[in-house]
Amino acid sequence: MLLQRTEINEAPVWSIKDPFSFEFLDLRPEAFTENDLENALITHLQEFLLEMGKGFCFEARQERMIIDDEYYFADLVFYNRVLHCNVIIELKDDEFNHADLSQLNAYVSYYRENEMNPGDNPPVGILLCARKGEKMVEYALAGMDNNLFVSTYMLSLPDKETLKAFILKETNNK
């Protein structure tokens with residue numbers, strides 16, 4: 001996660017790393033569940049925090065929230081000392097789905113209303129999914145006030161041919 005201040009105004013500009021590299025988890029891409037992913041991230045918490053960036057402090061796993069007398073559970077909750085805000089992470093083992101973003105939006109809104117302390121910035125939500133369609137993400141995020149981000153993760157680096165094709169495509173696009 002990166003935070004930058006612009007010269008024109010002092011409001012922070014947020015950007016999220018995409019994709020994250022979770023090679024250290026040693027999971028097989030063809031056979032894992034969200035629960036497997038969460039367990040592996042907790043087991044390798046130090047590596048995960050380093051991959052996330054500076055200032056992350058672990059707060060909770062499966063953080064329980066009560067909304068309208070129903071229990072809901074945020075997968076992972078962090079506090080970022082640099083950004084001065086909570087960061088709620090939802091993990092998905094499949095392609096991006098707009099319903100997942102709605103779920104994360106509800107959790108971020110809950111945190112903004114119930115968990116912020118004086119001096120905190122509004123919470124940030126990160127939806128980590130295996131794949132995403134750029135247009136669907138763009139449409140799903142349109143008009144949302146919360147700081148929500150959709151990012152992907154890789155369980156292993158691409159093979160040599162895939163990397164070559166990517167580099168060729170990127171250099172041809174410039």
# chains A, B, ... in the order shown; residues from 1 in each chain; ligands from 1

call {"tool": "select_by_dssp", "arguments": {"residues": "chain A", "states": "helix (DSSP H, G or I)", "output": "VMD selection string"}}
result
chain A and resid 23 to 25 34 to 43 45 to 52 98 to 114 134 to 141 160 to 172

call {"tool": "residues_around", "arguments": {"residues": "Leu104 in chain A", "least_positions_apart": "4", "cutoff": "12 Å", "atoms": "only C-alpha atoms", "output": "VMD selection string"}}
result
chain A and resid 72 to 77 87 to 92 97 to 100 108 to 111 123 to 128 140 to 141 144 146 to 150

call {"tool": "residues_around", "arguments": {"residues": "Met116 in chain A", "least_positions_apart": "6", "cutoff": "9 Å", "atoms": "only C-alpha atoms", "output": "list in words"}}
result
Cys85, Asn86, Pro122 and Pro123 of chain A

call {"tool": "residues_around", "arguments": {"residues": "Lys17 in chain A", "least_positions_apart": "5", "cutoff": "10 Å", "atoms": "only C-alpha atoms", "output": "list in words"}}
result
Met1, Leu2, Glu51, Met52, Gly53, Phe149, Val150, Ser151, Thr152 and Tyr153 of chain A

call {"tool": "write_last_selection", "arguments": {"atoms": "N, CA, C and O atoms", "output": "compact mmCIF listing (two decimals), in the first residue's frame"}}
result
# COMPACT_ATOMS: atom_id res chain seq x y z
N MET A 1 0.85 -1.16 0.00
CA MET A 1 0.00 0.00 0.00
C MET A 1 0.90 1.22 0.00
O MET A 1 1.86 1.28 0.74
N LEU A 2 0.57 2.16 -0.78
CA LEU A 2 1.34 3.39 -0.87
C LEU A 2 0.47 4.58 -0.56
O LEU A 2 -0.70 4.60 -0.90
N GLU A 51 5.08 -7.85 2.61
CA GLU A 51 4.51 -7.72 1.27
C GLU A 51 3.49 -6.58 1.23
O GLU A 51 3.38 -5.88 0.23
N MET A 52 2.77 -6.36 2.32
CA MET A 52 1.76 -5.30 2.36
C MET A 52 2.40 -3.92 2.34
O MET A 52 1.87 -3.00 1.75
N GLY A 53 3.51 -3.74 3.01
CA GLY A 53 4.17 -2.44 3.02
C GLY A 53 4.41 -1.94 4.44
O GLY A 53 4.16 -2.63 5.43
N PHE A 149 -10.36 -0.87 -2.42
CA PHE A 149 -9.44 -1.27 -3.47
C PHE A 149 -9.61 -2.75 -3.76
O PHE A 149 -9.91 -3.54 -2.87
N VAL A 150 -9.43 -3.09 -5.02
CA VAL A 150 -9.47 -4.49 -5.43
C VAL A 150 -8.10 -4.80 -5.99
O VAL A 150 -7.61 -4.10 -6.88
N SER A 151 -7.48 -5.83 -5.47
CA SER A 151 -6.16 -6.22 -5.93
C SER A 151 -6.15 -7.73 -6.10
O SER A 151 -6.98 -8.44 -5.54
N THR A 152 -5.21 -8.19 -6.88
CA THR A 152 -5.05 -9.62 -7.09
C THR A 152 -3.82 -10.12 -6.36
O THR A 152 -3.00 -9.33 -5.89
N TYR A 153 -3.71 -11.41 -6.27
CA TYR A 153 -2.51 -12.03 -5.70
C TYR A 153 -2.08 -13.16 -6.61
O TYR A 153 -2.86 -13.71 -7.38

call {"tool": "residues_around", "arguments": {"residues": "Ala31 in chain A", "least_positions_apart": "5", "cutoff": "12 Å", "atoms": "only C-alpha atoms", "output": "list in words"}}
result
Asp26, Asp36, Leu37, Asp93, Asp94 and Leu155 of chain A

call {"tool": "atom_distance", "arguments": {"atom1": "CA of Pro19 in chain A", "atom2": "CA of Asp120 in chain A"}}
result
27.2 Å

call {"tool": "select_by_dssp", "arguments": {"residues": "chain A", "states": "strand (DSSP E or B)", "output": "JSON, numbers by chain"}}
result
{"A": [2, 3, 4, 5, 12, 13, 14, 15, 20, 21, 56, 57, 58, 59, 60, 61, 62, 63, 64, 65, 66, 67, 70, 71, 72, 73, 74, 75, 76, 77, 78, 79, 80, 85, 86, 87, 88, 89, 90, 91, 95, 124, 125, 126, 127, 128, 129, 131, 147, 148, 149, 150, 151, 152, 153, 154]}

call {"tool": "closest_residue", "arguments": {"among": "A:Glu134, A:Ser156, A:Leu168, A:Asp69", "to": "Leu27 in chain A", "atoms": "only C-alpha atoms"}}
result
A:Ser156

call {"tool": "atom_distance", "arguments": {"atom1": "CA of Phe22 in chain A", "atom2": "CA of Ala142 in chain A"}}
result
28.5 Å

call {"tool": "atom_distance", "arguments": {"atom1": "CA of Asn80 in chain A", "atom2": "CA of Phe58 in chain A"}}
result
8.8 Å

call {"tool": "closest_residue", "arguments": {"among": "A:Val137, A:Phe48, A:Glu38, A:Tyr71", "to": "Phe24 in chain A", "atoms": "only C-alpha atoms"}}
result
A:Phe48

call {"tool": "closest_residue", "arguments": {"among": "A:Asp145, A:Glu47, A:Ala165, A:Met154", "to": "Glu23 in chain A", "atoms": "only C-alpha atoms"}}
result
A:Met154

call {"tool": "decode", "arguments": {"residues": "range 121-132 of chain A", "atoms": "all heavy atoms", "output": "mmCIF file, in the first residue's frame"}}
result
data_model
loop_
_atom_site.group_PDB
_atom_site.id
_atom_site.type_symbol
_atom_site.label_atom_id
_atom_site.label_comp_id
_atom_site.auth_asym_id
_atom_site.auth_seq_id
_atom_site.Cartn_x
_atom_site.Cartn_y
_atom_site.Cartn_z
ATOM 1 N N ASN A 121 -7.723 8.342 10.496
ATOM 2 C CA ASN A 121 -8.269 8.568 9.165
ATOM 3 C C ASN A 121 -9.323 7.498 8.905
ATOM 4 O O ASN A 121 -9.323 6.444 9.558
ATOM 5 C CB ASN A 121 -7.159 8.491 8.114
ATOM 6 C CG ASN A 121 -6.256 9.704 8.175
ATOM 7 O OD1 ASN A 121 -6.729 10.830 8.286
ATOM 8 N ND2 ASN A 121 -4.958 9.475 8.124
ATOM 9 N N PRO A 122 -10.225 7.722 7.945
ATOM 10 C CA PRO A 122 -11.230 6.704 7.637
ATOM 11 C C PRO A 122 -10.575 5.375 7.247
ATOM 12 O O PRO A 122 -9.489 5.357 6.666
ATOM 13 C CB PRO A 122 -11.991 7.297 6.450
ATOM 14 C CG PRO A 122 -11.763 8.770 6.547
ATOM 15 C CD PRO A 122 -10.386 8.926 7.129
ATOM 16 N N PRO A 123 -11.237 4.269 7.570
ATOM 17 C CA PRO A 123 -10.672 2.958 7.261
ATOM 18 C C PRO A 123 -10.579 2.716 5.763
ATOM 19 O O PRO A 123 -11.255 3.353 4.962
ATOM 20 C CB PRO A 123 -11.652 1.982 7.918
ATOM 21 C CG PRO A 123 -12.895 2.752 8.124
ATOM 22 C CD PRO A 123 -12.533 4.191 8.216
ATOM 23 N N VAL A 124 -9.711 1.776 5.430
ATOM 24 C CA VAL A 124 -9.474 1.371 4.049
ATOM 25 C C VAL A 124 -9.873 -0.095 3.928
ATOM 26 O O VAL A 124 -9.640 -0.885 4.845
ATOM 27 C CB VAL A 124 -7.977 1.542 3.692
ATOM 28 C CG1 VAL A 124 -7.658 0.952 2.335
ATOM 29 C CG2 VAL A 124 -7.581 3.010 3.761
ATOM 30 N N GLY A 125 -10.476 -0.459 2.806
ATOM 31 C CA GLY A 125 -10.824 -1.849 2.538
ATOM 32 C C GLY A 125 -10.080 -2.363 1.327
ATOM 33 O O GLY A 125 -9.996 -1.672 0.310
ATOM 34 N N ILE A 126 -9.540 -3.560 1.450
ATOM 35 C CA ILE A 126 -8.838 -4.196 0.332
ATOM 36 C C ILE A 126 -9.466 -5.560 0.095
ATOM 37 O O ILE A 126 -9.517 -6.393 1.004
ATOM 38 C CB ILE A 126 -7.331 -4.366 0.603
ATOM 39 C CG1 ILE A 126 -6.679 -3.016 0.899
ATOM 40 C CG2 ILE A 126 -6.654 -5.063 -0.574
ATOM 41 C CD1 ILE A 126 -5.219 -3.114 1.333
ATOM 42 N N LEU A 127 -9.945 -5.757 -1.114
ATOM 43 C CA LEU A 127 -10.475 -7.041 -1.531
ATOM 44 C C LEU A 127 -9.377 -7.735 -2.323
ATOM 45 O O LEU A 127 -8.977 -7.251 -3.376
ATOM 46 C CB LEU A 127 -11.724 -6.857 -2.390
ATOM 47 C CG LEU A 127 -12.401 -8.121 -2.892
ATOM 48 C CD1 LEU A 127 -12.949 -8.934 -1.724
ATOM 49 C CD2 LEU A 127 -13.516 -7.776 -3.862
ATOM 50 N N LEU A 128 -8.869 -8.839 -1.793
ATOM 51 C CA LEU A 128 -7.827 -9.604 -2.481
ATOM 52 C C LEU A 128 -8.464 -10.817 -3.137
ATOM 53 O O LEU A 128 -9.023 -11.676 -2.455
ATOM 54 C CB LEU A 128 -6.755 -10.067 -1.483
ATOM 55 C CG LEU A 128 -5.752 -9.024 -1.034
ATOM 56 C CD1 LEU A 128 -4.825 -9.602 0.034
ATOM 57 C CD2 LEU A 128 -4.950 -8.513 -2.206
ATOM 58 N N CYS A 129 -8.397 -10.857 -4.455
ATOM 59 C CA CYS A 129 -9.008 -11.956 -5.194
ATOM 60 C C CYS A 129 -7.988 -12.552 -6.169
ATOM 61 O O CYS A 129 -6.970 -11.937 -6.471
ATOM 62 C CB CYS A 129 -10.267 -11.497 -5.922
ATOM 63 S SG CYS A 129 -10.076 -9.989 -6.872
ATOM 64 N N ALA A 130 -8.295 -13.737 -6.648
ATOM 65 C CA ALA A 130 -7.370 -14.437 -7.539
ATOM 66 C C ALA A 130 -7.280 -13.772 -8.909
ATOM 67 O O ALA A 130 -6.203 -13.721 -9.503
ATOM 68 C CB ALA A 130 -7.785 -15.901 -7.681
ATOM 69 N N ARG A 131 -8.387 -13.252 -9.396
ATOM 70 C CA ARG A 131 -8.430 -12.612 -10.725
ATOM 71 C C ARG A 131 -9.458 -11.497 -10.672
ATOM 72 O O ARG A 131 -10.351 -11.503 -9.833
ATOM 73 C CB ARG A 131 -8.848 -13.628 -11.793
ATOM 74 C CG ARG A 131 -7.861 -14.753 -12.005
ATOM 75 C CD ARG A 131 -8.402 -15.841 -12.948
ATOM 76 N NE ARG A 131 -9.701 -16.402 -12.608
ATOM 77 C CZ ARG A 131 -9.942 -17.259 -11.634
ATOM 78 N NH1 ARG A 131 -8.976 -17.669 -10.866
ATOM 79 N NH2 ARG A 131 -11.152 -17.730 -11.417
ATOM 80 N N LYS A 132 -9.317 -10.560 -11.624
ATOM 81 C CA LYS A 132 -10.309 -9.497 -11.694
ATOM 82 C C LYS A 132 -10.418 -9.005 -13.127
ATOM 83 O O LYS A 132 -9.450 -9.007 -13.871
ATOM 84 C CB LYS A 132 -9.956 -8.337 -10.762
ATOM 85 C CG LYS A 132 -8.686 -7.601 -11.146
ATOM 86 C CD LYS A 132 -8.414 -6.461 -10.209
ATOM 87 C CE LYS A 132 -7.144 -5.727 -10.615
ATOM 88 N NZ LYS A 132 -6.884 -4.571 -9.802
#
